[in-house]
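Listing of input28.txt, compact mmCIF, C-alpha atoms
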```txt
# COMPACT_ATOMS: atom_id res chain seq x y z
CA MET A 1 27.88 6.76 96.91
CA VAL A 2 30.94 6.28 94.66
CA HIS A 3 30.05 9.61 93.07
CA LEU A 4 30.10 11.35 96.50
CA VAL A 5 33.47 9.82 97.44
CA GLY A 6 34.86 10.94 94.11
CA ARG A 7 33.63 14.51 94.67
CA LEU A 8 35.11 14.62 98.18
CA TRP A 9 38.41 13.29 96.89
CA ARG A 10 38.50 16.01 94.17
CA LEU A 11 37.70 18.68 96.78
CA PHE A 12 40.49 17.30 98.98
CA ARG A 13 42.98 17.35 96.12
CA SER A 14 42.13 20.78 94.63
CA PRO A 15 44.01 23.87 95.92
CA SER A 16 42.11 26.22 98.20
CA ALA A 17 40.75 29.29 96.43
CA ARG A 18 39.40 31.00 99.58
CA PHE A 19 42.00 30.62 102.40
CA SER A 20 45.53 31.97 102.29
CA LEU A 21 48.45 29.56 102.47
CA GLY A 22 49.53 31.22 105.74
CA LEU A 23 46.16 30.61 107.40
CA LEU A 24 46.12 26.99 106.24
CA LEU A 25 49.63 26.48 107.62
CA ILE A 26 48.78 28.08 110.98
CA VAL A 27 45.52 26.14 111.34
CA GLY A 28 47.33 22.94 110.37
CA PHE A 29 50.14 23.59 112.84
CA VAL A 30 47.86 24.48 115.77
CA GLY A 31 45.59 21.57 114.94
CA GLY A 32 48.59 19.26 114.90
CA VAL A 33 49.82 20.52 118.27
CA VAL A 34 46.36 20.13 119.83
CA PHE A 35 45.92 16.65 118.36
CA LEU A 36 49.34 15.40 119.46
CA SER A 37 49.07 16.81 122.99
CA GLY A 38 45.57 15.38 123.33
CA PHE A 39 46.76 12.02 122.06
CA ASN A 40 49.69 11.99 124.47
CA TRP A 41 47.47 13.13 127.35
CA GLY A 42 44.98 10.36 126.64
CA LEU A 43 47.81 7.85 126.38
CA GLU A 44 49.25 8.86 129.74
CA LEU A 45 45.81 8.70 131.36
CA THR A 46 45.71 5.00 130.48
CA ASN A 47 49.34 4.42 131.44
CA ASN A 48 49.49 4.68 135.22
CA GLU A 49 48.88 2.61 138.32
CA THR A 50 45.52 4.21 139.13
CA PHE A 51 44.13 3.37 135.70
CA CYS A 52 45.46 -0.20 135.83
CA ARG A 53 43.88 -0.75 139.24
CA GLY A 54 40.62 0.60 137.87
CA CYS A 55 39.30 -2.86 137.03
CA HIS A 56 38.76 -5.31 139.83
CA GLU A 57 40.60 -8.05 137.90
CA MET A 58 43.85 -6.15 138.48
CA ASN A 59 42.91 -4.60 141.81
CA ASP A 60 41.95 -7.91 143.46
CA ASN A 61 44.51 -10.25 141.92
CA VAL A 62 47.85 -8.92 140.78
CA TYR A 63 47.87 -5.62 142.65
CA PRO A 64 47.77 -7.02 146.23
CA GLU A 65 50.52 -9.47 145.23
CA TYR A 66 52.67 -6.60 144.01
CA ARG A 67 52.13 -4.63 147.25
CA GLY A 68 55.14 -4.89 149.54
CA THR A 69 57.49 -6.28 146.89
CA ILE A 70 60.74 -4.46 146.25
CA HIS A 71 59.28 -2.66 143.24
CA ASP A 72 56.43 -1.27 145.35
CA GLN A 73 58.12 -0.45 148.62
CA ASN A 74 61.79 -0.06 149.40
CA ARG A 75 64.42 1.92 151.28
CA THR A 76 64.54 4.85 148.87
CA GLY A 77 60.89 5.03 147.84
CA VAL A 78 61.60 4.82 144.12
CA ARG A 79 58.77 2.77 142.67
CA ALA A 80 58.18 0.85 139.48
CA THR A 81 54.43 0.77 138.88
CA CYS A 82 52.45 -1.36 136.40
CA PRO A 83 53.28 0.40 133.08
CA ASP A 84 56.96 0.80 133.99
CA CYS A 85 57.34 -2.96 133.60
CA HIS A 86 54.38 -3.99 131.44
CA VAL A 87 54.21 -1.29 128.74
CA PRO A 88 57.17 -0.78 126.39
CA HIS A 89 58.74 2.66 126.66
CA GLU A 90 59.60 3.17 122.97
CA PHE A 91 56.89 4.72 120.81
CA LEU A 92 56.16 2.01 118.24
CA PRO A 93 56.27 -1.03 120.60
CA LYS A 94 54.15 1.00 123.01
CA MET A 95 51.53 1.64 120.30
CA LYS A 96 51.58 -2.06 119.40
CA ARG A 97 51.04 -3.08 123.04
CA LYS A 98 48.27 -0.50 123.46
CA LEU A 99 46.48 -1.90 120.41
CA GLN A 100 46.88 -5.45 121.74
CA ALA A 101 45.32 -4.26 124.98
CA SER A 102 41.99 -3.86 123.18
CA ASN A 103 41.80 -7.65 123.51
CA GLU A 104 41.98 -7.15 127.28
CA VAL A 105 39.02 -4.76 127.07
CA LEU A 106 37.09 -7.42 125.12
CA ASN A 107 37.86 -10.08 127.73
CA LYS A 108 36.92 -7.67 130.50
CA LEU A 109 33.49 -7.40 128.84
CA LEU A 110 33.31 -11.18 128.40
CA GLY A 111 34.25 -11.63 132.08
CA THR A 112 37.04 -14.09 131.25
CA ILE A 113 38.88 -13.59 134.55
CA ASP A 114 36.24 -11.92 136.71
CA THR A 115 36.68 -14.27 139.68
CA ARG A 116 39.80 -15.39 141.52
CA GLU A 117 39.23 -18.98 140.34
CA LYS A 118 38.96 -17.93 136.70
CA PHE A 119 42.04 -15.77 137.11
CA GLU A 120 44.04 -18.65 138.57
CA ASN A 121 42.88 -20.88 135.71
CA HIS A 122 44.23 -18.36 133.21
CA ARG A 123 47.31 -17.33 135.18
CA LEU A 124 49.72 -19.69 133.43
CA GLU A 125 48.59 -18.50 130.00
CA LEU A 126 48.92 -14.84 131.03
CA GLU A 127 52.27 -15.56 132.62
CA LEU A 128 53.57 -17.16 129.41
CA HIS A 129 52.49 -14.07 127.45
CA GLU A 130 54.50 -11.89 129.81
CA TRP A 131 57.57 -14.16 129.71
CA THR A 132 57.41 -14.14 125.90
CA ARG A 133 57.13 -10.36 125.78
CA MET A 134 60.10 -9.98 128.11
CA LYS A 135 62.20 -12.49 126.17
CA GLU A 136 61.38 -10.89 122.82
CA SER A 137 62.30 -7.42 124.03
CA ASP A 138 65.44 -8.64 125.89
CA SER A 139 63.72 -7.49 129.12
CA HIS A 140 63.62 -3.96 127.77
CA THR A 141 61.39 -2.55 130.50
CA CYS A 142 63.60 -4.04 133.24
CA ARG A 143 66.66 -2.58 131.60
CA SER A 144 65.14 0.89 131.34
CA CYS A 145 66.02 1.13 135.06
CA HIS A 146 68.42 -1.77 135.65
CA ASN A 147 71.33 -1.02 133.34
CA PHE A 148 73.47 -4.15 133.30
CA ALA A 149 76.60 -2.21 132.34
CA ALA A 150 76.11 0.14 135.30
CA MET A 151 75.70 -2.65 137.86
CA ASP A 152 78.46 -2.64 140.46
CA LEU A 153 78.86 -6.39 140.92
CA SER A 154 81.27 -5.85 143.82
CA ARG A 155 78.41 -4.36 145.84
CA GLN A 156 76.16 -7.36 145.24
CA GLY A 157 75.94 -10.45 147.41
CA PRO A 158 78.28 -13.32 146.54
CA ARG A 159 75.48 -15.35 144.94
CA ALA A 160 74.14 -12.48 142.85
CA ARG A 161 77.66 -11.52 141.75
CA LEU A 162 78.41 -15.04 140.50
CA ARG A 163 75.10 -15.49 138.72
CA HIS A 164 75.15 -12.05 137.10
CA THR A 165 78.67 -12.68 135.78
CA GLN A 166 77.50 -15.99 134.31
CA ALA A 167 74.39 -14.35 132.87
CA ALA A 168 76.50 -11.72 131.08
CA GLU A 169 78.79 -14.41 129.64
CA GLN A 170 75.88 -16.55 128.46
CA GLY A 171 73.90 -13.58 127.09
CA GLN A 172 70.95 -14.25 129.34
CA THR A 173 68.18 -11.75 129.87
CA CYS A 174 66.60 -10.64 133.17
CA ILE A 175 63.41 -12.71 132.86
CA ASP A 176 65.40 -15.94 132.42
CA CYS A 177 65.87 -16.03 136.19
CA HIS A 178 63.72 -13.24 137.63
CA LYS A 179 60.27 -14.74 137.20
CA GLY A 180 57.44 -14.14 139.62
CA ILE A 181 59.24 -11.29 141.35
CA ALA A 182 56.28 -8.95 141.68
CA HIS A 183 53.36 -11.35 141.36
CA GLN A 184 52.64 -14.93 142.31
CA LEU A 185 53.36 -17.74 139.88
CA ALA A 186 50.78 -20.11 138.41
CA THR A 187 50.32 -23.75 139.32
CA GLY A 188 52.82 -25.69 137.24
CA ALA A 189 54.88 -22.60 136.49
CA LEU A 190 58.21 -24.38 137.01
CA ASP A 191 57.34 -27.18 134.58
CA ALA A 192 56.01 -24.63 132.11
CA GLU A 193 59.26 -22.70 132.43
CA LYS A 194 61.29 -25.71 131.30
CA VAL A 195 59.05 -26.27 128.26
CA PHE A 196 59.15 -22.55 127.51
CA ASN A 197 62.97 -22.49 127.60
CA GLU A 198 63.23 -25.57 125.37
CA GLN A 199 60.80 -24.14 122.82
CA TRP A 200 62.61 -20.83 122.86
CA ALA A 201 65.98 -22.51 122.26
CA VAL A 202 64.51 -24.29 119.22
CA SER A 203 62.83 -21.20 117.74
CA HIS A 204 65.76 -18.86 118.52
CA PRO A 205 68.95 -20.88 117.89
CA GLN A 206 72.08 -19.25 119.32
CA PRO A 207 74.90 -18.61 116.86
CA ALA A 208 77.73 -21.08 117.53
CA LYS A 209 80.41 -19.58 119.76
CA GLN A 210 83.82 -18.95 118.17
CA GLU A 211 86.48 -21.01 119.87
CA GLY A 212 89.60 -18.94 120.65
CA HIS A 213 93.15 -20.32 120.37
CA MET B 214 0.16 10.16 172.64
CA LYS B 215 2.32 9.15 175.57
CA THR B 216 2.38 5.50 174.50
CA LYS B 217 3.30 6.57 170.98
CA ILE B 218 6.32 8.53 172.21
CA LEU B 219 7.32 5.64 174.47
CA ALA B 220 7.09 3.18 171.61
CA PHE B 221 9.15 5.48 169.40
CA LEU B 222 11.81 5.87 172.10
CA MET B 223 11.94 2.11 172.69
CA ALA B 224 12.32 1.47 168.96
CA ALA B 225 15.12 4.03 168.81
CA VAL B 226 16.94 2.50 171.78
CA LEU B 227 16.56 -1.03 170.31
CA GLY B 228 17.75 0.12 166.92
CA PHE B 229 20.76 1.81 168.46
CA GLY B 230 21.45 -1.28 170.55
CA THR B 231 21.61 -3.56 167.52
CA VAL B 232 23.92 -1.15 165.70
CA ALA B 233 26.20 -1.02 168.74
CA ALA B 234 26.17 -4.83 169.03
CA ALA B 235 27.11 -5.19 165.36
CA ASP B 236 30.26 -3.16 166.02
CA GLU B 237 31.59 -5.61 168.58
CA VAL B 238 31.60 -9.11 167.13
CA GLN B 239 32.13 -11.64 169.90
CA SER B 240 33.56 -15.05 169.24
CA LEU B 241 34.01 -17.99 171.59
CA ARG B 242 37.66 -17.02 171.92
CA GLY B 243 36.74 -13.45 172.81
CA LYS B 244 37.22 -10.49 170.55
CA PRO B 245 38.37 -9.75 167.98
CA ALA B 246 37.57 -12.96 166.15
CA VAL B 247 40.67 -12.89 163.96
CA GLU B 248 43.69 -10.84 164.88
CA ALA B 249 45.99 -9.66 162.11
CA ASP B 250 49.41 -11.27 162.33
CA THR B 251 52.27 -8.90 162.92
CA PRO B 252 55.02 -9.51 160.40
CA PRO B 253 58.11 -11.17 161.88
CA PRO B 254 61.12 -8.92 162.43
CA VAL B 255 63.62 -8.78 159.59
CA SER B 256 66.31 -11.34 160.31
CA ASN B 257 69.91 -10.91 159.31
CA THR B 258 70.52 -13.97 157.21
CA VAL B 259 74.21 -14.84 157.08
CA GLU B 260 74.97 -15.45 153.42
CA GLY B 261 78.06 -17.36 152.46
CA PRO B 262 79.80 -20.23 154.26
CA ARG B 263 77.39 -22.85 155.51
CA TYR B 264 76.90 -23.37 159.25
CA ALA B 265 77.74 -26.91 160.33
CA ARG B 266 75.03 -29.22 161.62
CA ASN B 267 74.82 -29.61 165.37
CA TYR B 268 73.36 -33.11 165.39
CA ARG B 269 72.86 -35.85 162.80
CA GLN B 270 69.16 -35.32 162.13
CA GLN B 271 69.31 -31.53 161.97
CA PRO B 272 67.76 -30.15 158.78
CA PRO B 273 70.58 -28.22 157.06
CA LEU B 274 70.34 -24.44 157.39
CA ILE B 275 69.82 -22.25 154.33
CA PRO B 276 72.91 -20.14 153.57
CA HIS B 277 71.05 -17.44 151.64
CA ARG B 278 68.05 -15.14 151.89
CA ILE B 279 64.72 -16.67 150.96
CA GLU B 280 62.07 -14.00 151.52
CA LYS B 281 61.47 -13.47 147.79
CA TYR B 282 60.88 -17.14 147.01
CA GLU B 283 57.25 -18.18 146.73
CA ILE B 284 56.26 -21.37 148.54
CA ASP B 285 52.52 -22.01 148.44
CA LEU B 286 50.00 -24.49 147.06
CA LYS B 287 50.84 -23.45 143.51
CA VAL B 288 54.62 -23.39 143.34
CA ASN B 289 57.71 -24.04 145.41
CA MET B 290 60.53 -21.86 144.20
CA CYS B 291 63.13 -23.73 146.30
CA LEU B 292 62.70 -26.69 143.95
CA ARG B 293 63.63 -24.54 140.97
CA CYS B 294 67.27 -24.92 142.04
CA HIS B 295 67.34 -27.73 144.61
CA ASP B 296 65.21 -30.39 142.90
CA TRP B 297 67.02 -32.98 140.80
CA PRO B 298 68.00 -32.54 137.95
CA ASN B 299 67.86 -28.71 138.24
CA ASN B 300 70.45 -28.78 141.02
CA VAL B 301 73.14 -30.04 138.60
CA GLN B 302 72.89 -26.99 136.37
CA GLU B 303 72.36 -24.62 139.29
CA ASN B 304 75.20 -26.13 141.32
CA ALA B 305 72.92 -26.32 144.35
CA PRO B 306 72.59 -29.04 147.03
CA MET B 307 70.03 -31.68 146.00
CA VAL B 308 66.86 -32.30 148.00
CA SER B 309 67.49 -35.56 149.85
CA VAL B 310 65.80 -38.65 148.42
CA SER B 311 64.16 -39.12 151.83
CA HIS B 312 61.85 -36.28 150.76
CA PHE B 313 60.53 -38.40 147.88
CA ILE B 314 58.97 -41.09 150.06
CA ASP B 315 55.46 -40.64 151.38
CA ARG B 316 54.34 -41.80 154.80
CA GLU B 317 53.24 -45.20 153.45
CA GLY B 318 56.77 -45.73 152.13
CA HIS B 319 55.90 -45.28 148.44
CA LYS B 320 58.73 -43.86 146.36
CA LEU B 321 57.65 -40.81 144.38
CA ASP B 322 58.98 -38.70 141.50
CA LYS B 323 57.70 -35.48 143.04
CA VAL B 324 58.53 -34.11 146.47
CA SER B 325 56.17 -35.69 148.97
CA SER B 326 53.36 -33.34 149.91
CA GLN B 327 54.36 -33.79 153.54
CA ARG B 328 57.71 -32.21 152.64
CA TRP B 329 56.37 -29.45 150.41
CA PHE B 330 56.81 -26.52 152.78
CA CYS B 331 60.60 -26.46 153.12
CA VAL B 332 60.71 -23.74 155.77
CA GLN B 333 58.84 -25.91 158.25
CA CYS B 334 62.23 -27.53 158.91
CA HIS B 335 64.86 -25.55 157.01
CA VAL B 336 65.51 -21.96 158.05
CA PRO B 337 68.00 -19.36 156.85
CA GLN B 338 71.11 -19.33 158.99
CA ALA B 339 71.48 -16.35 161.31
CA ASP B 340 73.85 -15.32 164.03
CA ALA B 341 71.18 -15.90 166.67
CA LYS B 342 72.42 -15.85 170.24
CA PRO B 343 70.73 -18.30 172.66
CA LEU B 344 67.90 -16.55 174.49
CA VAL B 345 68.58 -18.55 177.65
CA ASP B 346 71.93 -19.85 178.91
CA ASN B 347 72.12 -23.58 178.31
CA SER B 348 74.58 -26.45 178.33
CA PHE B 349 73.91 -27.72 174.78
CA THR B 350 76.97 -29.03 172.98
CA PRO B 351 76.93 -30.13 169.34
CA ALA B 352 76.90 -33.91 168.89
CA SER B 353 80.02 -33.69 166.72
CA LYS B 354 82.15 -32.51 169.65
```

Could you write out this structure as structure tokens?
Amino acid sequence: MVHLVGRLWRLFRSPSARFSLGLLLIVGFVGGVVFLSGFNWGLELTNNETFCRGCHEMNDNVYPEYRGTIHDQNRTGVRATCPDCHVPHEFLPKMKRKLQASNEVLNKLLGTIDTREKFENHRLELELHEWTRMKESDSHTCRSCHNFAAMDLSRQGPRARLRHTQAAEQGQTCIDCHKGIAHQLATGALDAEKVFNEQWAVSHPQPAKQEGH
Amino acid sequence: MKTKILAFLMAAVLGFGTVAAADEVQSLRGKPAVEADTPPPVSNTVEGPRYARNYRQQPPLIPHRIEKYEIDLKVNMCLRCHDWPNNVQENAPMVSVSHFIDREGHKLDKVSSQRWFCVQCHVPQADAKPLVDNSFTPASK
């Protein structure tokens, strides 16, 4: 066995005596293009609303809750579907999230949340995962559409204007306030939110503010 | 032969009859058994200055939109700002302590379940004209 691996390794390392360098380059280039397009195509197949709704766990629980919310239906018809919010848009974080999702496949097979009751029992845990992801990425997926710097505060309602100004001053991120905007919250979500915020403040201490003269 | 055809026809008619009956489910209240609710019309909530109460016991009106806040068996998003001590940080009016007493008079640390659904009494303020002319005058006048 070791002998075979050694032989293959030597074959891999030794220069080709049969094929021209040009042919090897062309085959390598075309192969690379085919591989990358196929990879991207496969990735996009698993990164849209239809795919997400493909399992009944999503289709019967979170999807009907999302229906009719502002991200699903609005004046202009611009929609934010599942991956727009739940899958990072940058390449490496996206790959990381996609690999993590293999755990979701495992739990689909185990039937962890295959009834509404089981889903509700796990909702708080799932919710905390999502809050953590949003906090860690500074609500990156929100901000890919909602650019804070481009917000015209003067066109917002008086309450939103005040709170958004405060949020900018305090360096808050979207998820700090905007929880449960597209899906229902879990039982005990508000108590869990307080604990979550306290734990976050301990694990991510803010640098002390410089006092001006 | 004739009886066979007759029996076949009767079976067909009966079969058809049951299929037709299954289409129209009758309930004691007539049909259909459950009618889908039509969503209420979008109201124009007046955000900003609070409307004054018209009589002492009137539940205060809500001076902001509330349609995105979840109130159900699981959570009550109103309490996220209006429950003490959250209201201090959020600079929001506090839920009255009368809401923390159950019907036996026990004082509670959580909003009484009889008071859980805020919008049973509190509604967003709107510039709603009276549907019928009336002689109501606010108690404060």

* To do: Return as a list in words the residues belonging to chain A that are within 9 Å of chain B, counting all atoms listed in the file.
  => Thr69, Gly157, Pro158, Arg159, Gly180, Ile181, Gln184, Leu185, Ala186, Thr187, Gly188, Ala189 and Leu190 of chain A

* To do: Considering all atoms listed in the file, state which residue in the set A:Arg161, A:Arg75, A:Cys177, A:Leu21 is at the smallest distance from Cys294 in chain B.
  =>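 When distances to Cys294 in chain B are compared using all atoms listed in the file, the smallest one comes from A:Cys177.
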
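A cut-off of 12 Å from the point (65.2, -39.3, 149.8), with all atoms listed in the file, picks out the residues Asp296, Trp297, Met307, Val308, Ser309, Val310, Ser311, His312, Phe313, Ile314, Asp315, Gly318, His319, Lys320, Leu321, Asp322, Lys323, Val324, Ser325 and Arg328 of chain B.
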
* Asked: Taking all atoms listed in the file into account, which of A:His122, A:His146, A:Ile113, A:Phe51 comes nearest His71 in chain A?
  -> A:His146

Output, as AutoDock Vina command-line options, the centre and edge lengths in Å (one decimal) of the axis-aligned box that contains all listed atoms of range 95-103 of chain A with 3 Å of margin on each side.
```
--center_x 46.7 --center_y -3.0 --center_z 122.2 --size_x 15.8 --size_y 15.3 --size_z 11.6
```

* **Shortest interatomic distance to Glu117 in chain A - which of A:Asp191, A:Asn61, A:Lys179, A:Glu90, counting only C-alpha atoms** =>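 Smallest separation from Glu117 in chain A among the options: A:Asn61.
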
* To do: Take CA of Phe148 in chain A and CA of Met134 in chain A and report the distance between them in Å, one decimal.
  => 15.5 Å

* **Shell of 12 Å around Glu280 in chain B, only C-alpha atoms, local chain residues under 4 positions omitted, as a PyMOL selection string** => (chain A and resi 68-70+181) or (chain B and resi 253+255-258+275+284+290-291+332+336-337)

Would you export the selected residues with C-alpha atoms as a PDB file, in the coordinates of the input, please?
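Final file, out.pdb:
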```pdb
ATOM      1  CA  GLY A  68      55.140  -4.890 149.540  1.00  0.00           C
ATOM      2  CA  THR A  69      57.490  -6.280 146.890  1.00  0.00           C
ATOM      3  CA  ILE A  70      60.740  -4.460 146.250  1.00  0.00           C
ATOM      4  CA  ILE A 181      59.240 -11.290 141.350  1.00  0.00           C
TER       5      ILE A 181
ATOM      6  CA  PRO B 253      58.110 -11.170 161.880  1.00  0.00           C
ATOM      7  CA  VAL B 255      63.620  -8.780 159.590  1.00  0.00           C
ATOM      8  CA  SER B 256      66.310 -11.340 160.310  1.00  0.00           C
ATOM      9  CA  ASN B 257      69.910 -10.910 159.310  1.00  0.00           C
ATOM     10  CA  THR B 258      70.520 -13.970 157.210  1.00  0.00           C
ATOM     11  CA  ILE B 275      69.820 -22.250 154.330  1.00  0.00           C
ATOM     12  CA  ILE B 284      56.260 -21.370 148.540  1.00  0.00           C
ATOM     13  CA  MET B 290      60.530 -21.860 144.200  1.00  0.00           C
ATOM     14  CA  CYS B 291      63.130 -23.730 146.300  1.00  0.00           C
ATOM     15  CA  VAL B 332      60.710 -23.740 155.770  1.00  0.00           C
ATOM     16  CA  VAL B 336      65.510 -21.960 158.050  1.00  0.00           C
ATOM     17  CA  PRO B 337      68.000 -19.360 156.850  1.00  0.00           C
TER      18      PRO B 337
END
```
